[in-house]
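File shown here: run_24.txt, holding compact mmCIF, C-alpha atoms and all ligand atoms.
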# COMPACT_ATOMS: atom_id res chain seq x y z
CA MET A 16 -35.47 -9.36 -41.56
CA ALA A 17 -36.41 -12.93 -42.47
CA ARG A 18 -39.76 -14.06 -41.09
CA ASP A 19 -39.55 -16.67 -38.38
CA VAL A 20 -42.19 -19.09 -39.62
CA ILE A 21 -43.21 -21.86 -37.22
CA LEU A 22 -45.99 -23.44 -39.31
CA ALA A 23 -46.26 -23.41 -43.08
CA THR A 24 -48.39 -25.17 -45.65
CA GLU A 25 -47.80 -25.50 -49.36
CA GLY A 26 -50.47 -26.40 -51.86
CA LEU A 27 -52.64 -27.78 -49.07
CA THR A 28 -55.65 -29.42 -50.68
CA LYS A 29 -58.52 -31.58 -49.43
CA GLU A 30 -61.14 -33.09 -51.65
CA PHE A 31 -64.31 -34.81 -50.49
CA LYS A 32 -65.55 -37.02 -53.32
CA GLY A 33 -64.12 -34.65 -55.90
CA PHE A 34 -65.31 -31.50 -54.11
CA ARG A 35 -62.42 -29.23 -53.11
CA ALA A 36 -63.09 -28.00 -49.58
CA VAL A 37 -59.52 -26.69 -49.29
CA SER A 38 -57.64 -25.77 -52.44
CA GLU A 39 -53.90 -25.14 -52.65
CA VAL A 40 -53.66 -23.16 -49.45
CA ALA A 41 -50.30 -21.60 -48.62
CA LEU A 42 -50.37 -20.50 -45.02
CA GLN A 43 -47.48 -19.13 -43.01
CA VAL A 44 -47.74 -18.56 -39.30
CA GLU A 45 -44.98 -16.56 -37.65
CA ARG A 46 -43.59 -17.63 -34.33
CA GLY A 47 -44.96 -15.72 -31.35
CA THR A 48 -47.95 -14.23 -33.14
CA ILE A 49 -51.72 -14.62 -32.86
CA HIS A 50 -52.87 -15.61 -36.34
CA ALA A 51 -56.57 -15.87 -37.19
CA LEU A 52 -58.19 -17.92 -39.89
CA ILE A 53 -61.49 -16.36 -40.92
CA GLY A 54 -63.97 -16.58 -43.75
CA PRO A 55 -67.66 -17.06 -44.46
CA ASN A 56 -69.45 -20.34 -43.75
CA GLY A 57 -68.24 -23.17 -45.91
CA ALA A 58 -64.92 -21.40 -46.64
CA GLY A 59 -62.93 -24.44 -45.52
CA LYS A 60 -61.71 -23.18 -42.13
CA THR A 61 -62.64 -26.30 -40.16
CA THR A 62 -61.26 -28.59 -42.85
CA CYS A 63 -58.03 -26.59 -42.86
CA PHE A 64 -57.83 -26.85 -39.09
CA ASN A 65 -58.39 -30.58 -39.20
CA LEU A 66 -55.63 -30.91 -41.78
CA LEU A 67 -53.19 -28.92 -39.64
CA THR A 68 -53.88 -31.01 -36.55
CA LYS A 69 -53.75 -34.20 -38.61
CA PHE A 70 -57.35 -35.19 -37.90
CA LEU A 71 -57.69 -35.28 -41.69
CA GLN A 72 -55.13 -36.30 -44.30
CA PRO A 73 -54.69 -33.90 -47.23
CA THR A 74 -55.37 -34.97 -50.80
CA ALA A 75 -52.29 -32.98 -51.83
CA GLY A 76 -49.80 -30.53 -50.41
CA SER A 77 -47.57 -30.44 -47.38
CA ILE A 78 -47.40 -29.08 -43.85
CA ARG A 79 -44.20 -28.07 -42.11
CA TYR A 80 -43.91 -27.36 -38.43
CA LYS A 81 -40.60 -26.12 -37.08
CA GLU A 82 -38.78 -27.17 -40.25
CA ARG A 83 -40.21 -30.66 -40.05
CA ASP A 84 -42.55 -32.23 -42.56
CA ILE A 85 -45.54 -33.33 -40.46
CA THR A 86 -47.83 -34.10 -43.41
CA GLY A 87 -47.96 -37.83 -42.76
CA MET A 88 -47.93 -37.72 -38.96
CA LYS A 89 -50.64 -38.76 -36.51
CA PRO A 90 -52.34 -36.21 -34.20
CA ALA A 91 -50.63 -37.57 -31.08
CA ASP A 92 -47.17 -37.32 -32.69
CA VAL A 93 -47.83 -33.75 -33.76
CA ALA A 94 -49.01 -32.91 -30.23
CA ARG A 95 -45.79 -34.37 -28.86
CA LEU A 96 -43.86 -31.93 -31.04
CA GLY A 97 -45.66 -29.08 -29.29
CA LEU A 98 -48.44 -28.34 -31.77
CA VAL A 99 -51.58 -28.82 -29.71
CA ARG A 100 -55.23 -28.31 -30.46
CA SER A 101 -57.37 -27.15 -27.60
CA PHE A 102 -60.80 -28.61 -26.83
CA GLN A 103 -60.04 -31.91 -28.54
CA ILE A 104 -56.89 -33.41 -27.15
CA SER A 105 -57.62 -32.42 -23.60
CA ALA A 106 -60.76 -33.83 -22.10
CA VAL A 107 -62.29 -32.15 -19.08
CA PHE A 108 -63.73 -34.51 -16.49
CA PRO A 109 -67.06 -32.98 -15.41
CA HIS A 110 -67.17 -34.43 -11.91
CA PHE A 111 -63.63 -33.52 -10.98
CA SER A 112 -62.72 -30.11 -9.61
CA VAL A 113 -60.76 -27.49 -11.53
CA MET A 114 -57.56 -28.36 -9.66
CA GLU A 115 -58.08 -32.10 -10.13
CA ASN A 116 -58.58 -31.66 -13.86
CA VAL A 117 -55.40 -29.63 -14.23
CA ARG A 118 -53.45 -32.04 -12.05
CA ILE A 119 -54.56 -34.99 -14.18
CA ALA A 120 -53.46 -33.16 -17.34
CA LEU A 121 -50.07 -32.36 -15.80
CA GLN A 122 -49.73 -35.91 -14.61
CA ARG A 123 -50.35 -37.09 -18.17
CA ARG A 124 -47.57 -34.89 -19.48
CA HIS A 125 -45.08 -35.91 -16.82
CA HIS A 126 -45.95 -39.57 -16.49
CA GLY A 127 -47.75 -40.60 -19.68
CA ASP A 128 -51.14 -42.29 -19.59
CA SER A 129 -50.35 -44.38 -16.56
CA PHE A 130 -53.13 -44.17 -13.99
CA ASP A 131 -50.74 -44.96 -11.21
CA PHE A 132 -51.42 -41.92 -9.06
CA TRP A 133 -49.12 -43.00 -6.28
CA ARG A 134 -46.18 -40.60 -6.21
CA PRO A 135 -43.70 -39.50 -3.58
CA GLU A 136 -44.95 -36.52 -1.60
CA LYS A 137 -42.34 -34.18 -3.06
CA VAL A 138 -43.50 -34.95 -6.59
CA LEU A 139 -47.14 -34.48 -5.61
CA ARG A 140 -46.38 -31.12 -4.02
CA ARG A 141 -44.59 -29.96 -7.15
CA LEU A 142 -47.49 -31.13 -9.29
CA ASN A 143 -49.86 -29.23 -7.04
CA ASP A 144 -47.83 -26.01 -7.28
CA GLU A 145 -47.69 -26.30 -11.04
CA ALA A 146 -51.44 -26.91 -11.22
CA LEU A 147 -52.12 -23.89 -9.00
CA ALA A 148 -49.99 -21.68 -11.26
CA LEU A 149 -51.93 -22.82 -14.33
CA VAL A 150 -55.29 -22.34 -12.61
CA GLU A 151 -54.19 -18.82 -11.70
CA ALA A 152 -52.94 -18.16 -15.25
CA VAL A 153 -56.41 -18.82 -16.65
CA GLY A 154 -58.13 -16.79 -13.93
CA LEU A 155 -59.80 -19.66 -12.11
CA THR A 156 -58.15 -19.40 -8.69
CA GLU A 157 -61.41 -18.70 -6.87
CA PHE A 158 -63.00 -21.69 -8.62
CA ARG A 159 -60.17 -24.10 -7.92
CA ASP A 160 -62.37 -26.47 -5.88
CA THR A 161 -65.46 -26.12 -8.09
CA LEU A 162 -66.50 -29.17 -10.11
CA ALA A 163 -66.02 -28.64 -13.84
CA VAL A 164 -69.70 -29.38 -14.44
CA GLU A 165 -70.67 -26.41 -12.26
CA LEU A 166 -68.57 -23.84 -14.13
CA SER A 167 -70.09 -21.29 -16.52
CA TYR A 168 -69.54 -22.00 -20.20
CA GLY A 169 -66.73 -19.46 -20.52
CA ARG A 170 -64.97 -20.70 -17.40
CA LYS A 171 -65.22 -24.27 -18.62
CA ARG A 172 -63.36 -23.20 -21.74
CA ALA A 173 -60.77 -21.47 -19.56
CA LEU A 174 -60.34 -24.79 -17.77
CA GLU A 175 -59.97 -26.52 -21.14
CA ILE A 176 -57.24 -24.04 -22.02
CA ALA A 177 -55.54 -24.74 -18.68
CA THR A 178 -55.55 -28.50 -19.32
CA THR A 179 -54.15 -27.84 -22.79
CA LEU A 180 -51.44 -25.57 -21.37
CA ALA A 181 -50.55 -28.39 -18.98
CA LEU A 182 -49.15 -30.15 -22.05
CA ASP A 183 -46.82 -27.15 -22.47
CA PRO A 184 -47.53 -26.56 -26.17
CA GLU A 185 -45.31 -24.28 -28.19
CA MET A 186 -48.13 -23.63 -30.59
CA LEU A 187 -51.81 -23.67 -29.73
CA LEU A 188 -54.64 -24.14 -32.19
CA LEU A 189 -57.95 -22.75 -30.98
CA ASP A 190 -61.13 -23.77 -32.76
CA GLU A 191 -63.68 -20.98 -32.28
CA PRO A 192 -62.64 -20.25 -28.70
CA MET A 193 -65.47 -17.73 -28.20
CA ALA A 194 -68.29 -19.77 -29.78
CA GLY A 195 -71.51 -19.57 -27.78
CA MET A 196 -70.14 -17.13 -25.21
CA GLY A 197 -71.78 -14.07 -23.70
CA HIS A 198 -70.05 -10.70 -23.71
CA GLU A 199 -68.38 -11.10 -20.32
CA ASP A 200 -66.94 -14.53 -21.13
CA VAL A 201 -65.72 -13.27 -24.52
CA GLU A 202 -63.83 -10.45 -22.80
CA ARG A 203 -62.33 -12.78 -20.22
CA THR A 204 -61.30 -15.35 -22.85
CA ALA A 205 -59.76 -12.63 -25.03
CA GLN A 206 -57.63 -11.53 -22.09
CA LEU A 207 -56.69 -15.12 -21.45
CA ILE A 208 -55.63 -15.70 -25.06
CA ARG A 209 -53.58 -12.51 -24.97
CA ARG A 210 -51.86 -13.65 -21.78
CA VAL A 211 -51.25 -17.18 -23.09
CA SER A 212 -49.84 -15.82 -26.36
CA LYS A 213 -46.96 -14.06 -24.59
CA ASP A 214 -44.72 -17.09 -24.94
CA ARG A 215 -46.61 -19.11 -27.53
CA THR A 216 -47.82 -19.03 -31.09
CA ILE A 217 -51.59 -19.14 -31.54
CA LEU A 218 -53.64 -19.98 -34.60
CA MET A 219 -57.38 -19.63 -34.16
CA VAL A 220 -60.50 -19.99 -36.19
CA GLU A 221 -62.97 -17.42 -34.94
CA HIS A 222 -66.27 -16.02 -36.16
CA ASN A 223 -66.41 -13.02 -33.88
CA LEU A 224 -64.75 -10.37 -36.03
CA SER A 225 -64.35 -7.80 -33.27
CA VAL A 226 -62.42 -10.41 -31.29
CA VAL A 227 -60.32 -11.17 -34.36
CA ALA A 228 -59.69 -7.46 -34.87
CA SER A 229 -58.53 -6.86 -31.33
CA LEU A 230 -56.46 -10.03 -30.87
CA SER A 231 -54.82 -10.95 -34.14
CA ASP A 232 -51.44 -9.87 -35.44
CA ARG A 233 -52.19 -11.43 -38.78
CA ILE A 234 -55.28 -12.74 -40.53
CA THR A 235 -55.78 -15.17 -43.37
CA VAL A 236 -59.15 -14.96 -45.08
CA LEU A 237 -60.44 -18.10 -46.75
CA ALA A 238 -63.28 -18.26 -49.24
CA ARG A 239 -64.36 -21.32 -51.23
CA GLY A 240 -61.34 -23.21 -49.98
CA GLN A 241 -58.80 -20.65 -51.15
CA VAL A 242 -56.80 -17.88 -49.55
CA LEU A 243 -58.56 -14.67 -50.50
CA ALA A 244 -56.47 -12.18 -48.56
CA GLU A 245 -53.85 -11.97 -45.87
CA GLY A 246 -52.55 -9.22 -43.64
CA ASP A 247 -53.48 -7.29 -40.52
CA TYR A 248 -57.12 -6.52 -39.76
CA ALA A 249 -57.04 -2.99 -41.16
CA THR A 250 -55.76 -4.33 -44.48
CA VAL A 251 -57.98 -7.37 -44.94
CA SER A 252 -61.17 -5.70 -43.73
CA LYS A 253 -60.77 -3.04 -46.44
CA ASP A 254 -60.08 -5.55 -49.19
CA PRO A 255 -63.06 -5.43 -51.59
CA ARG A 256 -62.80 -9.20 -52.25
CA VAL A 257 -63.15 -9.88 -48.53
CA VAL A 258 -66.11 -7.53 -48.18
CA GLU A 259 -67.77 -9.20 -51.15
CA ALA A 260 -67.11 -12.72 -49.86
CA TYR A 261 -68.77 -11.88 -46.56
CA ILE A 262 -71.73 -10.11 -48.11
CA GLY A 263 -72.16 -12.73 -50.81
CA ALA A 264 -72.04 -15.62 -48.33
P1 LIG A 301 -66.03 -23.66 -42.61
O1 LIG A 301 -65.42 -24.23 -41.39
O2 LIG A 301 -65.25 -22.51 -43.16
O3 LIG A 301 -67.48 -23.29 -42.43
P2 LIG A 301 -65.77 -26.34 -43.68
O4 LIG A 301 -64.32 -26.64 -43.68
O5 LIG A 301 -66.59 -26.91 -42.58
O6 LIG A 301 -65.99 -24.76 -43.77
O7 LIG A 301 -66.40 -26.84 -45.03
C1 LIG A 301 -65.92 -26.45 -46.31
C2 LIG A 301 -66.73 -27.17 -47.38
O8 LIG A 301 -66.40 -28.54 -47.38
C3 LIG A 301 -68.22 -27.07 -47.18
O9 LIG A 301 -68.84 -26.92 -48.45
C4 LIG A 301 -68.59 -28.42 -46.57
O10 LIG A 301 -69.89 -28.80 -46.91
C5 LIG A 301 -67.55 -29.34 -47.19
N1 LIG A 301 -67.21 -30.46 -46.30
C6 LIG A 301 -66.62 -30.36 -45.09
N2 LIG A 301 -66.40 -31.57 -44.53
C7 LIG A 301 -66.91 -32.48 -45.44
C8 LIG A 301 -67.01 -33.92 -45.46
N3 LIG A 301 -66.54 -34.67 -44.46
N4 LIG A 301 -67.58 -34.48 -46.56
C9 LIG A 301 -68.03 -33.73 -47.58
N5 LIG A 301 -67.97 -32.38 -47.62
C10 LIG A 301 -67.42 -31.75 -46.56
So, in terms of structure tokens, how does the structure I just supplied come out?
Amino acid sequence: MARDVILATEGLTKEFKGFRAVSEVALQVERGTIHALIGPNGAGKTTCFNLLTKFLQPTAGSIRYKERDITGMKPADVARLGLVRSFQISAVFPHFSVMENVRIALQRRHHGDSFDFWRPEKVLRRLNDEALALVEAVGLTEFRDTLAVELSYGRKRALEIATTLALDPEMLLLDEPMAGMGHEDVERTAQLIRRVSKDRTILMVEHNLSVVASLSDRITVLARGQVLAEGDYATVSKDPRVVEAYIGA
């Protein structure tokens, strides 16, 4: 059966003053999967991520999302097509509650950036129901009235995911979703990502290899800007080039 590829790059290259941080990367992400981008420090993961979300322009190569060439597009245009990066596009307001933050994000999707909060009651009630559903989806129901600033680190990230989901992305890019988390938060976030992935495609950069092993359908390993290996965890973790890249890093 033909692979249903939602995001694909060809010859993706980024040079910084002649130094190739990303070199001719061909990446294919299948619709509905959790795909991880891993590799030792300096492998080019962040640069690759910034290229995909259009925060950086490539030196060469192309990016296609849903059969559309998005290489020259701006981040906001790409987000409008349903390819959304978490933790960057969506800001969390520290002194607003969990519910307020999610409502603001929903409001932005439905009504643009207008800060006209006056809406008919029916619309407000619908917005509220939608916000409650999202808060529940990320496991924050009991913290719905807590100010964002008072949440634990892991729960703050769950809130960030909720505000990103408010934009209803078809594909979600997660930049080290578990970074800096304790064991409990890692577990909770892994469950959340699994839940969120049910009707979405996810591409994540993640350092925590046990998380990558348990969550990912497919893994691309980068080293020195190039794709070193690709496959499921069992395959790539046994690949001698991957083992060497990690040990040698
Ligand atoms: P990773 O995320 O895998 O650790 P990066 O994408 O951050 O790797 O970096 C890849 C390489 O590109 C590194 O050698 C880094 O020093 C270099 N690099 C990244 N961004 C820049 C930049 N803005 N200017 C110059 N070099 C950069």
Next on the checklist: 9 Å from ligand LIG 301 (chain A) is the threshold here; counting all atoms listed in the file, which polymer residues fall inside it? Answer as a ChimeraX atom specification.
Outcome noted: /A:29-32,34-37,53-65,220,237-240
Checklist entry - If we count all atoms listed in the file, what is near Asp247 (chain A) at a cut-off of 9 Å, once residues fewer than 5 positions away on the same chain are taken out, given as a count of residues only? => result 7
Item to check | Surrounding residues of Val93 (chain A) excluding itself and chain neighbours under 6 positions, 8 Å, only C-alpha atoms, as a VMD selection string | outcome: chain A and resid 68 to 69 85 99
Checklist entry - region 164-169 of chain A: which residues within 7 Å, counting all atoms listed in the file, same-chain residues fewer than 3 positions away excluded, as a ChimeraX atom specification? => result /A:109-110,161,172-173,196,200
Next on the checklist: For a cutoff of 12 Å around the file-coordinate point (-59.6, -12.7, -20.6), which residues qualify once you count only C-alpha atoms? I'd like the result as a VMD selection string.
Outcome noted: chain A and resid 152 to 155 169 to 170 172 to 173 176 192 to 193 198 to 212 226 230
Item to check | Residues within 9 Å of region 138-148 of chain A, only C-alpha atoms, excluding chain neighbours under 2 positions, as a PyMOL selection string | outcome: chain A and resi 114-118+120-122+133-136+150-153+156+159+177+181
Step by step: locate region 162-228 of chain A in the block above, keep C-alpha atoms, then write the file as a compact mmCIF listing (two decimals), in the first residue's frame.
# COMPACT_ATOMS: atom_id res chain seq x y z
CA LEU A 162 -3.44 30.55 37.41
CA ALA A 163 -0.96 29.34 34.81
CA VAL A 164 1.92 30.73 36.89
CA GLU A 165 0.97 28.41 39.76
CA LEU A 166 1.03 25.19 37.72
CA SER A 167 3.88 22.67 37.94
CA TYR A 168 6.26 22.65 35.00
CA GLY A 169 4.69 19.57 33.42
CA ARG A 170 1.16 20.90 33.84
CA LYS A 171 2.18 24.20 32.30
CA ARG A 172 3.31 22.29 29.24
CA ALA A 173 -0.01 20.42 29.22
CA LEU A 174 -1.69 23.83 29.19
CA GLU A 175 0.56 24.89 26.31
CA ILE A 176 -0.54 21.79 24.42
CA ALA A 177 -4.18 22.64 25.15
CA THR A 178 -3.76 26.18 23.78
CA THR A 179 -2.07 24.70 20.71
CA LEU A 180 -4.89 22.17 20.25
CA ALA A 181 -7.32 25.09 20.41
CA LEU A 182 -5.97 26.01 16.98
CA ASP A 183 -7.14 22.57 15.80
CA PRO A 184 -3.89 21.55 14.09
CA GLU A 185 -3.80 18.57 11.79
CA MET A 186 -0.12 18.14 12.46
CA LEU A 187 1.66 19.08 15.66
CA LEU A 188 5.37 19.73 16.00
CA LEU A 189 6.68 19.27 19.52
CA ASP A 190 10.09 20.62 20.42
CA GLU A 191 11.47 18.54 23.28
CA PRO A 192 8.11 18.18 25.03
CA MET A 193 9.65 16.42 28.04
CA ALA A 194 12.66 18.71 28.53
CA GLY A 195 13.29 19.50 32.18
CA MET A 196 10.50 17.28 33.48
CA GLY A 197 10.51 14.91 36.44
CA HIS A 198 9.43 11.29 36.05
CA GLU A 199 5.78 11.87 36.91
CA ASP A 200 5.37 14.75 34.47
CA VAL A 201 7.13 12.75 31.74
CA GLU A 202 4.64 9.90 32.22
CA ARG A 203 1.68 12.25 32.18
CA THR A 204 2.93 14.10 29.08
CA ALA A 205 3.59 10.82 27.28
CA GLN A 206 0.00 9.78 27.91
CA LEU A 207 -1.17 13.15 26.71
CA ILE A 208 0.83 12.92 23.48
CA ARG A 209 -0.54 9.43 22.89
CA ARG A 210 -4.09 10.68 23.40
CA VAL A 211 -3.57 13.76 21.20
CA SER A 212 -2.02 11.63 18.44
CA LYS A 213 -5.23 9.62 17.96
CA ASP A 214 -6.50 12.03 15.33
CA ARG A 215 -3.34 13.95 14.50
CA THR A 216 0.13 13.56 13.12
CA ILE A 217 2.96 14.38 15.51
CA LEU A 218 6.59 15.12 14.81
CA MET A 219 8.74 15.63 17.88
CA VAL A 220 12.32 16.30 18.73
CA GLU A 221 13.06 14.52 22.00
CA HIS A 222 16.19 13.66 23.95
CA ASN A 223 14.62 11.16 26.30
CA LEU A 224 15.18 7.92 24.41
CA SER A 225 12.89 5.79 26.56
CA VAL A 226 10.08 8.23 25.76
CA VAL A 227 10.99 8.04 22.08
CA ALA A 228 11.02 4.24 22.26
